[in-house]
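In what follows, a structure is listed as structure tokens, so that the remarks can point back to it.
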Amino acid sequence: MESSRSDAFIFFGATGDLAFKQIWPALQALVKAGRLDMPIVAIGRKDIGVEAIREKAKQSLEESKTFDGAAFEKLSKQVSYVAVDYGDPKTFDAIKKVISAAKHPLGYVALPPDVYEKVAANLAKAGLAKEGRLVLEKPFGHDAKSAKALSETLYASFPEEAIFRIDHYLGKEQVENIVYFRAANPLFEATWSGDYVACVEITMAESFGVKGRAEFYDGVGAVRDVVQNHLLEVVTCLAMELPAERGHSALREARTKLLARVKELRSEDLVRGQVRGYRDEKGVAKDSNTETFAALRLFIDTPRWKDVPFFIRTGKALAVTATDATVRWKGGHPVFEDDNAPPANTLRFRLGSDNVIALAANMKKPGESMVGEASELVLRRSSAGDMKPYERLLGDAIDGDATMYARRDTVEETWRVVDAALKANTPVHPYDEGSWGPEEAHRIAPEGGWTNPRK
């Protein structure tokens with residue numbers, strides 16, 4: 001089964017927000033590239049019919065400015081629609097009828113984690129699990145215990161090698177570039193340790209709120225939504241030991257080994273916030289204690305990173321939408337006259353739509369005094385030809401390649417890191433929309449304060 005190619009795509013959550021923003025554009029791109037030449041069965045709970053789902057897919061493509069008339073025509077012909085009740089196994093028989101000739105169906109599940117078990121079990125009862133695959137969206141579980149239990153439960157329907165736990169950050173060109181940059185530029189890798197690095201800072205800021213997914217988000221929160229998966233994966237790319245062997249399998253192993261050495265997050269190293277007005281969103285509990293903002297400080301128990309703090313910050317409704325990962329080196333030579341040196345000596349990776357790596361260095365100001373000013377050298381490459389994360393990852397799953405997916409032990413390690421601090425139920429501090437989060441976040445900020453990404 002590992003070498004077999006999928007021959008049907010079963011799309012659970014086809015009417016959802018993630019589908020609209022990310023998945024339909026990815027499916028059209030795969031069709032255009034000739035990698036998705038199979039039946040696509042869109043699944044939903046309401047019997048809206050195939051024409052409605054095709055129209056929704058077209059709207060998605062038009063809004064994302066990716067609509068391609070010829071590719072969409074092909075995609076549209078491949079798409080059918082089936083309404084199912086996740087609690088009723090008999091309704092899954094309708095899927096089997098549509099793809100009766102398929103031997104290796106792939107089920108992609110963009111649904112809340114509490115229905116994963118039902119979907120997997122019902123696919124198996126309908127005869128769609130044998131030699132099939134299951135791609136599951138994050139978060140995988142709600143904590144370490146539930147993640148372990150979920151894996152064990154899924155094994156009743158799918159073996160481990162058929163379960164693909166997706167984290168689209170692993171498919172981002174810019175995240176992969178962190179590892180490549182380190183490996184290809186020994187000048188930087190030579191100082192990539194606590195001997196030279198003062199701290200590492202990651203900020204994922206979003207200027208928008210939770211509209212459209214508030215009900216889901218209220219049961220998850222910022223830490224479970226993006227820290228436990230996306231941002232800890234960025235930490236692994238920044239901090240792991242570079243593997244001696246080539247290939248994604250070696251990188252996968254290196255990431256997991258690094259995560260095993262990340263110390264458990266202490267409750268005193270976590271600050272949670274909630275944007276004012278969040279509780280007024282439809283689907284949010286009026287007494288909700290869910291965080292829309294989180295700032296945390298982590299440490300890694302390896303010789304390379306001993307005593308070097310890793311700072312992570314993320315939030316909804318902040319000042320801008322941007323994600324930066326920044327390595328800060330220690331200060332300059334003490335013989336300089338500048339007691340207030342500008343905040344340079346940093347390397348910044350922009351992990352958004354821009355392919356940017358920026359090196360900030362201090363340069364001497366003109367004049368007799370040995371004082372300086374910061375200047376940033378920006379390396380920028382057009383991202384027009386880049387494959388989008390979901391196109392890459394779903395294409396890999398269709399081909400049976402799991403190397404860019406999170407393994408079971410990887411997921412369980414990320415939960416181990418954040419579990420205890422989350423269960424401590426630390427206070428949630430209010431903050432204003434358009435700000436940089438609650439003032440309390442400054443308590444665990446890097447020396448000199450947080451670095452706010454620019455647009």
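By order of appearance in the structure tokens: chains A, B, ..., then residues from 1 within every chain, and ligands from 1 in the order shown.
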If we count only C-alpha atoms and set the cut-off at 7 Å, which residues sit around Arg380 of chain A, ignoring sequence neighbours fewer than 6 positions away in its own chain? Please answer as number ranges by chain. A: 355-357
Which polymer residues have any atom within 12 Å of an atom of Tyr196 of chain A, counting only C-alpha atoms, with same-chain residues fewer than 2 positions away left out, as an MDAnalysis selection string? chainID A and resid 188:194 198:200 304:308 327:332 345:346
Okay, now the selection with N, CA and C atoms, as a PDB file, in the first residue's frame?
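Generated file (result.pdb):
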```pdb
ATOM      1  N   PHE A 188      26.792  31.211   9.053  1.00  0.00           N
ATOM      2  CA  PHE A 188      25.783  31.414  10.083  1.00  0.00           C
ATOM      3  C   PHE A 188      25.702  30.215  11.021  1.00  0.00           C
ATOM      4  N   GLU A 189      25.766  29.022  10.471  1.00  0.00           N
ATOM      5  CA  GLU A 189      25.644  27.813  11.293  1.00  0.00           C
ATOM      6  C   GLU A 189      26.763  27.743  12.335  1.00  0.00           C
ATOM      7  N   ALA A 190      27.919  28.330  12.037  1.00  0.00           N
ATOM      8  CA  ALA A 190      29.043  28.306  12.978  1.00  0.00           C
ATOM      9  C   ALA A 190      28.744  29.067  14.258  1.00  0.00           C
ATOM     10  N   THR A 191      27.810  30.026  14.191  1.00  0.00           N
ATOM     11  CA  THR A 191      27.451  30.804  15.385  1.00  0.00           C
ATOM     12  C   THR A 191      26.039  30.462  15.866  1.00  0.00           C
ATOM     13  N   TRP A 192      25.501  29.337  15.415  1.00  0.00           N
ATOM     14  CA  TRP A 192      24.115  28.945  15.695  1.00  0.00           C
ATOM     15  C   TRP A 192      24.056  28.159  17.001  1.00  0.00           C
ATOM     16  N   SER A 193      24.353  28.829  18.111  1.00  0.00           N
ATOM     17  CA  SER A 193      24.355  28.149  19.406  1.00  0.00           C
ATOM     18  C   SER A 193      24.342  29.192  20.519  1.00  0.00           C
ATOM     19  N   GLY A 194      24.222  28.714  21.742  1.00  0.00           N
ATOM     20  CA  GLY A 194      24.193  29.601  22.889  1.00  0.00           C
ATOM     21  C   GLY A 194      25.485  30.341  23.139  1.00  0.00           C
ATOM     22  N   ALA A 198      21.741  35.121  21.676  1.00  0.00           N
ATOM     23  CA  ALA A 198      21.118  35.570  22.924  1.00  0.00           C
ATOM     24  C   ALA A 198      19.735  34.976  23.103  1.00  0.00           C
ATOM     25  N   CYS A 199      18.947  34.924  22.017  1.00  0.00           N
ATOM     26  CA  CYS A 199      17.601  34.363  22.084  1.00  0.00           C
ATOM     27  C   CYS A 199      17.075  34.155  20.673  1.00  0.00           C
ATOM     28  N   VAL A 200      15.994  33.431  20.588  1.00  0.00           N
ATOM     29  CA  VAL A 200      15.277  33.225  19.331  1.00  0.00           C
ATOM     30  C   VAL A 200      13.833  33.653  19.572  1.00  0.00           C
ATOM     31  N   ARG A 304      23.796  22.675  22.597  1.00  0.00           N
ATOM     32  CA  ARG A 304      23.773  23.809  21.669  1.00  0.00           C
ATOM     33  C   ARG A 304      22.943  24.965  22.225  1.00  0.00           C
ATOM     34  N   TRP A 305      21.831  24.658  22.884  1.00  0.00           N
ATOM     35  CA  TRP A 305      20.880  25.694  23.274  1.00  0.00           C
ATOM     36  C   TRP A 305      20.726  25.865  24.780  1.00  0.00           C
ATOM     37  N   LYS A 306      21.688  25.416  25.547  1.00  0.00           N
ATOM     38  CA  LYS A 306      21.626  25.536  26.998  1.00  0.00           C
ATOM     39  C   LYS A 306      21.435  26.999  27.404  1.00  0.00           C
ATOM     40  N   ASP A 307      20.376  27.248  28.179  1.00  0.00           N
ATOM     41  CA  ASP A 307      20.053  28.565  28.743  1.00  0.00           C
ATOM     42  C   ASP A 307      19.656  29.621  27.713  1.00  0.00           C
ATOM     43  N   VAL A 308      19.434  29.228  26.465  1.00  0.00           N
ATOM     44  CA  VAL A 308      18.983  30.184  25.446  1.00  0.00           C
ATOM     45  C   VAL A 308      17.452  30.169  25.403  1.00  0.00           C
ATOM     46  N   VAL A 327      16.485  35.330  14.860  1.00  0.00           N
ATOM     47  CA  VAL A 327      17.603  34.896  15.697  1.00  0.00           C
ATOM     48  C   VAL A 327      18.374  36.151  16.112  1.00  0.00           C
ATOM     49  N   ARG A 328      18.533  36.339  17.432  1.00  0.00           N
ATOM     50  CA  ARG A 328      19.277  37.495  17.949  1.00  0.00           C
ATOM     51  C   ARG A 328      20.628  37.034  18.488  1.00  0.00           C
ATOM     52  N   TRP A 329      21.695  37.585  17.902  1.00  0.00           N
ATOM     53  CA  TRP A 329      23.009  37.292  18.439  1.00  0.00           C
ATOM     54  C   TRP A 329      23.325  38.210  19.619  1.00  0.00           C
ATOM     55  N   LYS A 330      24.333  37.835  20.380  1.00  0.00           N
ATOM     56  CA  LYS A 330      24.726  38.644  21.535  1.00  0.00           C
ATOM     57  C   LYS A 330      25.384  39.939  21.083  1.00  0.00           C
ATOM     58  N   GLY A 331      25.568  40.885  22.026  1.00  0.00           N
ATOM     59  CA  GLY A 331      26.044  42.231  21.713  1.00  0.00           C
ATOM     60  C   GLY A 331      27.453  42.280  21.167  1.00  0.00           C
ATOM     61  N   GLY A 332      27.836  43.495  20.737  1.00  0.00           N
ATOM     62  CA  GLY A 332      29.131  43.692  20.101  1.00  0.00           C
ATOM     63  C   GLY A 332      30.271  43.822  21.102  1.00  0.00           C
ATOM     64  N   ASN A 345      22.268  42.875  14.853  1.00  0.00           N
ATOM     65  CA  ASN A 345      22.786  41.525  15.079  1.00  0.00           C
ATOM     66  C   ASN A 345      21.660  40.494  15.096  1.00  0.00           C
ATOM     67  N   THR A 346      20.784  40.582  14.099  1.00  0.00           N
ATOM     68  CA  THR A 346      19.669  39.639  14.010  1.00  0.00           C
ATOM     69  C   THR A 346      19.542  39.114  12.590  1.00  0.00           C
TER      70      THR A 346
END
```
If you run DSSP on the backbone, which residues of segment 9-40 of chain A are strand (DSSP E or B), as number ranges by chain? A: 9-12, 40
Each residue of segment 37-143 of chain A lying at most 10 Å from segment 28-31 of chain A should get a row with its shortest atom-to-atom pair and the distance in Å to one decimal, counting only C-alpha atoms; could you produce that, ordered by chain and increasing number, as CSV?
```
residue,atom,partner,partner_atom,distance
A:Asp37,CA,A:Val31,CA,6.4
A:Met38,CA,A:Val31,CA,9.0
A:Ala57,CA,A:Gln28,CA,9.3
A:Lys58,CA,A:Gln28,CA,9.9
A:Leu61,CA,A:Gln28,CA,8.3
A:Thr66,CA,A:Gln28,CA,8.5
A:Phe67,CA,A:Gln28,CA,8.2
A:Asp68,CA,A:Gln28,CA,8.1
A:Ala70,CA,A:Gln28,CA,10.0
A:Ala71,CA,A:Gln28,CA,6.3
A:Phe72,CA,A:Gln28,CA,6.3
A:Glu73,CA,A:Gln28,CA,9.5
A:Lys74,CA,A:Val31,CA,7.2
A:Leu75,CA,A:Gln28,CA,6.3
A:Ser76,CA,A:Gln28,CA,9.3
A:Gln78,CA,A:Val31,CA,9.5
```
Selection to disk with C-alpha atoms, as a compact mmCIF listing (two decimals), in the first residue's frame:
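Writing the result to out.txt gives the following:
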```
# COMPACT_ATOMS: atom_id res chain seq x y z
CA ASP A 37 -6.94 12.69 -12.09
CA MET A 38 -9.50 10.85 -9.97
CA ALA A 57 -15.57 25.83 -5.27
CA LYS A 58 -15.72 28.40 -8.09
CA LEU A 61 -11.10 30.11 -6.64
CA THR A 66 -6.57 31.43 -8.72
CA PHE A 67 -9.51 30.62 -11.01
CA ASP A 68 -8.38 28.89 -14.21
CA ALA A 70 -9.75 25.03 -18.23
CA ALA A 71 -8.52 23.56 -14.93
CA PHE A 72 -11.80 24.33 -13.17
CA GLU A 73 -13.76 22.60 -15.93
CA LYS A 74 -11.74 19.45 -15.33
CA LEU A 75 -12.08 19.79 -11.56
CA SER A 76 -15.82 20.36 -11.81
CA GLN A 78 -14.45 15.16 -11.26
```
Enumerate, in order of chain and increasing residue number, the residues of segment 158-196 of chain A with an atom no farther than 12 Å from segment 110-122 of chain A, each with its shortest atom pair and distance in Å to one decimal, counting only C-alpha atoms, as CSV.
```
residue,atom,partner,partner_atom,distance
A:Phe158,CA,A:Ala120,CA,7.5
A:Pro159,CA,A:Ala120,CA,11.1
A:Ala162,CA,A:Ala120,CA,11.3
A:Ile163,CA,A:Ala120,CA,10.1
A:Arg165,CA,A:Ala110,CA,11.3
A:Ile166,CA,A:Ala110,CA,10.1
A:Asp167,CA,A:Ala110,CA,11.9
```
Enumerate as an NGL selection string all residues of segment 53-242 of chain A assigned to helix (DSSP H, G or I) by DSSP on the backbone, naming them with the chain letters and numbers the document uses. :A and (53-63 or 69-78 or 89-98 or 113-125 or 144-154 or 160-162 or 168-171 or 173-184 or 186-189 or 214-218 or 221-239)
For Asp399 of chain A, find every residue with an atom within 8 Å (counting only C-alpha atoms), except residues of its own chain fewer than 4 positions away, and show them as a PyMOL selection string. chain A and resi 3-6+395
When distances are computed from only C-alpha atoms, which of A:Arg224, A:Arg255, A:Arg246, A:Arg261 shows the smallest separation from His142 of chain A? A:Arg224
Surrounding residues of Pro430 of chain A excluding itself and chain neighbours under 4 positions, 10 Å, only C-alpha atoms, as a list in words: Arg272, Gly273, Gln274, Val275, Arg276, Gly277, Tyr278, Glu291, Thr292, Phe293, Gly437, Pro438, Glu439 and Glu440 of chain A
Considering only C-alpha atoms, return as a list of chain:residue names whatever protein or nucleic-acid residues lie within 12 Å of Tyr180 of chain A, sequence-local ones (same chain, fewer than 5 positions apart) excluded. A:Glu173, A:Gln174, A:Val175, A:Asn185, A:Pro186, A:Phe188, A:Glu189, A:Cys237, A:Leu238, A:Leu242, A:Pro243, A:Arg246, A:Gly247, A:His248, A:Leu251
Can you spit out the residues from that selection as a PDB file, in the first residue's frame, using C-alpha atoms?
```
ATOM      1  CA  GLU A 173       8.577  26.976   1.249  1.00  0.00           C
ATOM      2  CA  GLN A 174       9.738  29.604   3.751  1.00  0.00           C
ATOM      3  CA  VAL A 175       9.838  27.139   6.673  1.00  0.00           C
ATOM      4  CA  ASN A 185      25.610  28.821   4.779  1.00  0.00           C
ATOM      5  CA  PRO A 186      28.187  27.599   7.316  1.00  0.00           C
ATOM      6  CA  PHE A 188      25.783  31.414  10.083  1.00  0.00           C
ATOM      7  CA  GLU A 189      25.644  27.813  11.293  1.00  0.00           C
ATOM      8  CA  CYS A 237      13.656  23.897  12.051  1.00  0.00           C
ATOM      9  CA  LEU A 238      15.557  26.652  13.843  1.00  0.00           C
ATOM     10  CA  LEU A 242      21.228  19.126  10.987  1.00  0.00           C
ATOM     11  CA  PRO A 243      20.973  15.482   9.894  1.00  0.00           C
ATOM     12  CA  ARG A 246      19.893  13.604   2.895  1.00  0.00           C
ATOM     13  CA  GLY A 247      16.149  13.469   2.425  1.00  0.00           C
ATOM     14  CA  HIS A 248      12.963  14.376   4.243  1.00  0.00           C
ATOM     15  CA  LEU A 251      14.750  15.765   8.599  1.00  0.00           C
TER      16      LEU A 251
END
```
Pick from A:Asp409, A:Asp280, A:Asp195, A:Asp17, whichever lies nearest to Leu259 of chain A using only C-alpha atoms: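 Smallest separation from Leu259 of chain A among the options: A:Asp409.
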Out of A:Glu376, A:Glu245, A:Glu264, A:Glu161, which residue has the shortest atom-to-atom distance to Arg416 of chain A when counting only C-alpha atoms?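 Residue with the minimum atom-to-atom distance to Arg416 of chain A: A:Glu264.
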Taking only C-alpha atoms into account, name the residue in A:Ser207, A:Ala244, A:Val226, A:Val284 that is nearest to Glu433 of chain A.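 Under the stated criterion, the closest residue is A:Ser207.
As for atom CA of Phe164 of chain A and atom CA of Leu27 of chain A, they are spaced 17.4 Å apart.
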Considering only C-alpha atoms, return as a count of residues only whatever protein or nucleic-acid residues lie within 7 Å of Gly315 of chain A, sequence-local ones (same chain, fewer than 6 positions apart) excluded. 7
Which residues of segment 379-401 of chain A sit at most 10 Å from segment 135-138 of chain A, using only C-alpha atoms? Give each one's shortest atom pair and distance in Å (one decimal place), in chain and ascending residue order, as CSV.
```
residue,atom,partner,partner_atom,distance
A:Leu393,CA,A:Val135,CA,9.9
A:Leu394,CA,A:Val135,CA,8.5
A:Ala397,CA,A:Val135,CA,7.5
A:Ile398,CA,A:Val135,CA,9.8
```
Keeping N, CA and C atoms for every residue in the selection just given, could you write it to a file as a PDB file, in the first residue's frame?
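Okay, result-v8.pdb is ready:
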```pdb
ATOM      1  N   LEU A 393       1.364  19.163   0.116  1.00  0.00           N
ATOM      2  CA  LEU A 393       1.096  18.112   1.092  1.00  0.00           C
ATOM      3  C   LEU A 393       0.015  17.145   0.625  1.00  0.00           C
ATOM      4  N   LEU A 394      -1.062  17.656   0.031  1.00  0.00           N
ATOM      5  CA  LEU A 394      -2.094  16.754  -0.462  1.00  0.00           C
ATOM      6  C   LEU A 394      -1.582  15.933  -1.643  1.00  0.00           C
ATOM      7  N   ALA A 397       0.354  13.124  -0.102  1.00  0.00           N
ATOM      8  CA  ALA A 397      -0.525  12.097   0.457  1.00  0.00           C
ATOM      9  C   ALA A 397      -1.115  11.219  -0.637  1.00  0.00           C
ATOM     10  N   ILE A 398      -1.494  11.820  -1.744  1.00  0.00           N
ATOM     11  CA  ILE A 398      -2.009  11.046  -2.880  1.00  0.00           C
ATOM     12  C   ILE A 398      -0.967  10.052  -3.362  1.00  0.00           C
TER      13      ILE A 398
END
```
Counting only C-alpha atoms, the residue among A:Ile202, A:Ala124, A:Leu106, A:Val79 that lies closest to Arg297 of chain A is A:Ile202
If you count only C-alpha atoms, which residues fall within 9 Å of Thr426 of chain A, apart from same-chain ones fewer than 5 positions away, as a ChimeraX atom specification? /A:267-268,270-272,421
Please compute the atom CA of Arg408 of chain A-atom CA of Glu253 of chain A distance, one decimal, in Å.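 Computed distance, atom CA of Arg408 of chain A to atom CA of Glu253 of chain A, equals 11.8 Å.
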